[in-house]
Every structure is written in C-alpha cells, then in structure tokens.
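Engineer: Below is run-v5.tsv; it holds TSV, C-alpha atoms.
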chain	number	residue	atom	x	y	z
A	104	MET	CA	14.54	192.95	-172.00
A	105	ASN	CA	11.58	190.59	-171.77
A	106	ILE	CA	10.47	189.02	-175.04
A	107	ALA	CA	6.79	189.78	-174.43
A	108	PHE	CA	7.47	193.19	-175.97
A	109	PHE	CA	8.44	191.47	-179.26
A	110	LEU	CA	5.80	188.74	-179.20
A	111	LEU	CA	3.61	188.31	-182.26
A	112	PRO	CA	0.54	186.79	-180.56
A	113	LYS	CA	-0.99	183.48	-181.59
A	114	GLN	CA	-4.03	185.12	-183.18
A	115	GLU	CA	-1.72	186.94	-185.63
A	116	VAL	CA	0.38	183.86	-186.47
A	117	VAL	CA	-0.32	181.31	-189.18
A	118	TRP	CA	-0.24	177.93	-187.43
A	119	LEU	CA	-1.69	174.50	-188.04
A	120	THR	CA	-2.61	171.46	-186.00
A	121	MET	CA	-1.46	167.87	-186.45
A	122	ASP	CA	-4.95	167.13	-187.82
A	123	ALA	CA	-4.51	169.51	-190.76
A	124	THR	CA	-4.09	167.86	-194.14
A	125	LEU	CA	-1.09	168.11	-196.37
A	126	ARG	CA	-3.17	170.06	-198.90
A	127	GLN	CA	-4.39	172.57	-196.29
A	128	THR	CA	-0.81	173.08	-195.19
A	129	LEU	CA	0.53	173.57	-198.71
A	130	GLU	CA	-2.24	176.03	-199.55
A	131	ARG	CA	-1.79	178.10	-196.37
A	132	MET	CA	1.99	178.22	-196.73
A	133	GLU	CA	1.67	179.21	-200.38
A	134	HIS	CA	-0.96	181.86	-199.65
A	135	HIS	CA	1.14	183.50	-196.93
A	136	ARG	CA	4.46	182.75	-198.68
A	137	TYR	CA	5.89	181.08	-195.58
A	138	THR	CA	8.60	178.46	-195.62
A	139	ALA	CA	7.85	177.23	-192.11
A	140	VAL	CA	4.86	177.22	-189.75
A	141	PRO	CA	4.34	176.22	-186.12
A	142	ILE	CA	2.38	173.04	-185.53
A	143	LEU	CA	0.19	172.66	-182.43
A	144	ASP	CA	-1.09	169.55	-180.72
A	145	ASN	CA	-4.77	169.06	-179.87
A	146	LYS	CA	-4.30	170.83	-176.51
A	147	GLY	CA	-2.82	173.98	-178.05
A	148	GLY	CA	0.74	173.02	-177.15
A	149	TYR	CA	3.67	173.64	-179.44
A	150	ALA	CA	4.41	170.36	-181.25
A	151	GLY	CA	7.10	171.56	-183.66
A	152	THR	CA	7.79	173.56	-186.78
A	153	LEU	CA	6.98	172.20	-190.21
A	154	THR	CA	9.08	173.38	-193.15
A	155	GLU	CA	8.72	173.25	-196.91
A	156	GLY	CA	11.58	170.76	-196.86
A	157	ASP	CA	9.59	168.43	-194.60
A	158	LEU	CA	6.74	168.49	-197.11
A	159	LEU	CA	9.06	167.92	-200.07
A	160	TRP	CA	10.82	165.00	-198.38
A	161	TYR	CA	7.46	163.46	-197.51
A	162	MET	CA	6.28	163.74	-201.13
A	163	LYS	CA	9.57	162.35	-202.43
A	164	ASN	CA	9.54	159.37	-200.06
A	165	ASN	CA	5.85	158.64	-200.71
A	166	SER	CA	5.78	158.89	-204.49
A	167	GLN	CA	2.42	157.07	-204.62
A	168	ILE	CA	0.83	160.22	-203.15
A	169	THR	CA	-0.30	162.58	-205.89
A	170	PHE	CA	-1.25	166.19	-205.28
A	171	ASP	CA	-4.91	165.21	-205.64
A	172	GLN	CA	-4.46	162.83	-202.70
A	173	THR	CA	-2.84	165.35	-200.35
A	174	ASN	CA	-6.20	166.07	-198.73
A	175	LYS	CA	-6.09	162.51	-197.28
A	176	VAL	CA	-2.71	162.88	-195.55
A	177	LYS	CA	-2.64	164.36	-192.03
A	178	LEU	CA	0.34	166.34	-190.79
A	179	SER	CA	0.77	163.75	-188.06
A	180	GLU	CA	2.12	161.48	-190.84
A	181	VAL	CA	4.77	164.00	-191.95
A	182	GLN	CA	8.10	163.84	-190.15
A	183	MET	CA	9.53	167.16	-189.00
A	184	ARG	CA	13.27	166.94	-189.66
A	185	LEU	CA	14.36	169.90	-187.55
A	186	THR	CA	13.79	170.50	-183.88
A	187	ASN	CA	12.97	174.17	-183.53
A	188	ARG	CA	13.06	174.97	-179.85
A	189	ALA	CA	10.43	177.05	-178.16
A	190	VAL	CA	11.13	179.37	-175.25
A	191	GLN	CA	9.09	180.30	-172.21
A	192	ILE	CA	7.44	183.73	-172.16
A	193	ASP	CA	9.80	184.86	-169.38
A	194	ALA	CA	12.91	184.34	-171.54
A	195	ASN	CA	14.94	187.40	-172.49
A	196	MET	CA	16.15	188.53	-175.90
A	197	GLU	CA	19.68	187.35	-175.25
A	198	ASP	CA	18.31	183.79	-174.93
A	199	LEU	CA	16.88	184.05	-178.44
A	200	VAL	CA	19.98	185.11	-180.37
A	201	SER	CA	21.46	181.62	-180.73
A	202	LEU	CA	18.07	180.19	-181.73
A	203	ALA	CA	17.57	182.91	-184.33
A	204	LYS	CA	20.70	181.77	-186.14
A	205	VAL	CA	18.99	178.53	-187.18
A	206	GLN	CA	15.26	179.33	-186.93
A	207	ASN	CA	13.16	181.82	-188.92
A	208	PHE	CA	11.16	182.44	-185.79
A	209	VAL	CA	11.22	181.35	-182.17
A	210	PRO	CA	7.98	179.85	-180.84
A	211	VAL	CA	6.93	181.10	-177.41
A	212	VAL	CA	4.98	179.01	-174.91
A	213	ASP	CA	3.50	179.62	-171.50
A	214	ASP	CA	4.36	177.59	-168.41
A	215	MET	CA	2.00	174.79	-169.52
A	216	ASN	CA	3.69	174.55	-172.98
A	217	ARG	CA	0.68	176.19	-174.67
A	218	PHE	CA	1.67	178.09	-177.78
A	219	ILE	CA	1.13	181.83	-177.32
A	220	GLY	CA	2.99	183.28	-180.31
A	221	ILE	CA	6.36	183.79	-181.95
A	222	VAL	CA	9.27	186.18	-182.01
A	223	ARG	CA	10.45	186.72	-185.57
A	224	ARG	CA	14.12	186.55	-186.49
A	225	SER	CA	13.88	190.02	-188.04
A	226	ASP	CA	12.72	191.47	-184.69
A	227	ILE	CA	15.66	189.84	-182.93
A	228	ILE	CA	18.09	191.26	-185.50
A	229	ASP	CA	16.49	194.72	-185.19
A	230	TYR	CA	16.93	194.56	-181.41
A	231	CYS	CA	20.61	193.61	-181.78
A	232	GLU	CA	21.15	196.34	-184.36
A	233	ALA	CA	19.66	198.95	-182.01
A	234	LEU	CA	22.05	197.82	-179.25
A	235	ILE	CA	25.03	198.12	-181.60
A	236	VAL	CA	23.99	201.59	-182.76
A	237	GLN	CA	23.37	202.70	-179.18
A	238	SER	CA	26.79	201.41	-178.13
A	239	SER	CA	28.47	203.13	-181.07
A	240	VAL	CA	26.78	206.46	-180.28
A	241	GLN	CA	27.83	206.17	-176.64
A	242	SER	CA	31.44	205.39	-177.62
A	243	ASN	CA	31.53	208.37	-179.98
A	244	LYS	CA	30.22	210.67	-177.22
A	245	GLU	CA	32.86	209.39	-174.80
A	246	MET	CA	35.63	209.86	-177.35
A	247	ALA	CA	34.46	213.40	-178.13
A	248	ALA	CA	34.29	214.30	-174.44
A	249	GLY	CA	37.53	213.02	-173.69
Before anything else, please render the file you have as structure tokens.
Structural biologist:
Amino acid sequence: MNIAFFLLPKQEVVWLTMDATLRQTLERMEHHRYTAVPILDNKGGYAGTLTEGDLLWYMKNNSQITFDQTNKVKLSEVQMRLTNRAVQIDANMEDLVSLAKVQNFVPVVDDMNRFIGIVRRSDIIDYCEALIVQSSVQSNKEMAAG
C-alpha cells in the first residue's frame, strides 16, 4: 500500500525552520506537547528532526545561555543528535516499519527532497495490526472450512 493514504500533510504538521529561535521551538513543542519536530531548510527541504533531548543537551553544554536568552539562539546552532530518515512519497508501508521502531514519525519528501508531511508511528502500528487481524480471521475461516 502506498503511504500517501497515511500521509499527514505539511499544513497539518508542526514544523520549524533552521531560522527559528530556541525559545520559539520550546514554546511550540510545549504547546503541542511534542517531543520531536521536523526541521526544514530555507528551501522547504527536510533538514532533520529536533528532539527535546537535543534542546536539553544544547542547554547543558551552553550553561551561559539562560532561558531569557533563548530568543537569541537559532536552531541552526543546535546539534541534532539523531538522524531520522525521511522517505520518498512513493515508498510503501513495509518500508516504514523499521523506521517506526526508532522514530516517532517518518518524514515524507517529494522527489526534490521538499518536505510534504509525515506518517505517524501510530498509523504504521494500526496498519500492521489490521494486517494481523485480517490474517487471523482468514486462518480461522480456513480452519473452520477444513
């Protein structure tokens, strides 16, 4: 099955650019209660995923930065520790299962690497669950018939 069916489009996703400040990022993540958000470059391409851990490590390693100064720090200064892979829009759900083990969501890009949305881990798990249930029902029918 094509992942476009499961795509949460860009306009419905909380994302930030590398020009966003640390304070803007913290406030958006807190408001939406997200632990990770996609980061886009200035051309709309997927640049990576920023996590709460990335922000905490940055604050720890730059102890001279107080919360009041977070509006002066751009995300381009914050190192993203994890490499969350994006997939092309023509990927299939089976391609996403291994990524979903280590990512809360899988970013989706077009053929020019422009970010077009995400597929959430919960949607991937729901898809797998439906396959398991369908397989179980089929097996039960076959056993009853035969």
Engineer: Could you give me the axis-aligned bounding box of region 128-134 of chain A, with 4 Å of padding per side, as centre plus edge lengths in Å to one decimal, as lines of an AutoDock Vina configuration file?
Structural biologist:
center_x = -0.1
center_y = 177.5
center_z = -197.8
size_x = 12.2
size_y = 16.8
size_z = 13.2
Engineer: Which of these, A:Tyr149, A:Tyr230, A:Phe170, A:Phe208, has the shortest distance to Thr124 (chain A) once you count only C-alpha atoms?
Structural biologist: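 Comparing A:Tyr149, A:Tyr230, A:Phe170, A:Phe208 against Thr124 (chain A), the winner is A:Phe170.
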Engineer: Give me the residues within 12 Å of Glu115 (chain A) as a VMD selection string, counting all atoms listed in the file and dropping any in the same chain fewer than 6 places off.
Structural biologist: chain A and resid 219 to 222
Engineer: May I ask which of the residues A:Leu119, A:Asp171, A:Asn105, A:Ala189 is the closest one to Leu143 (chain A), counting all atoms listed in the file?
Structural biologist: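 Selected residue with least distance to Leu143 (chain A): A:Leu119.
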Engineer: Pick out the residues sitting within 12 Å of Asn216 (chain A), and hand them over as number ranges by chain; count all atoms listed in the file, and ignore anything fewer than 4 positions along from it in its own chain.
Structural biologist: A: 143-144, 146-151, 188-192, 210-212, 220
Engineer: How many Å lie between CA of Val205 (chain A) and CA of Asp229 (chain A), rounded to one decimal?
Structural biologist: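 It comes out at 16.5 Å.
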Engineer: Just the residues within 9 Å of Val181 (chain A), please, counting all atoms listed in the file, with nothing from its chain fewer than 5 positions along; format it as number ranges by chain.
Structural biologist: A: 125, 153, 157-158, 160-161, 176
Engineer: Could you check which of A:Asn243, A:Gln237, A:Asn195, A:Asn187 is closest to Ala107 (chain A), using only C-alpha atoms?
Structural biologist: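 Among A:Asn243, A:Gln237, A:Asn195, A:Asn187, it is A:Asn195 that comes nearest to Ala107 (chain A).
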Engineer: So how far away is CA of Ser179 (chain A) from CA of Pro112 (chain A), in Å?
Structural biologist: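 Pair CA of Pro112 (chain A) / CA of Ser179 (chain A) returns 24.2 Å.
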Engineer: Mind giving me the straight-line distance from CA of Glu245 (chain A) to CA of Asp226 (chain A) in Å, one decimal?
Structural biologist: 28.7 Å
Engineer: Rank A:Glu133, A:Asp198, A:Asp122, A:Glu180 by their smallest atom-to-atom distance to Ile106 (chain A), using all atoms listed in the file, and report the top residue only.
Structural biologist: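 Using all atoms listed in the file, Ile106 (chain A) sits closest to A:Asp198.
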Engineer: I'd like the contact shell of Thr152 (chain A) - 6 Å cut-off, all atoms listed in the file, skipping same-chain residues fewer than 4 positions apart - returned as a ChimeraX atom specification.
Structural biologist: /A:140-142
Engineer: Between A:Met215, A:Ala248, A:Leu202, A:Met162, which one has atoms that come closest to Ile227 (chain A), using all atoms listed in the file?
Structural biologist: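 Ranked by minimum distance to Ile227 (chain A), first place goes to A:Leu202.
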Engineer: Just checking: using all atoms listed in the file, which residue out of A:Asn174, A:Leu234, A:Thr138, A:Gln241 ends up closest to Ala123 (chain A)?
Structural biologist: A:Asn174
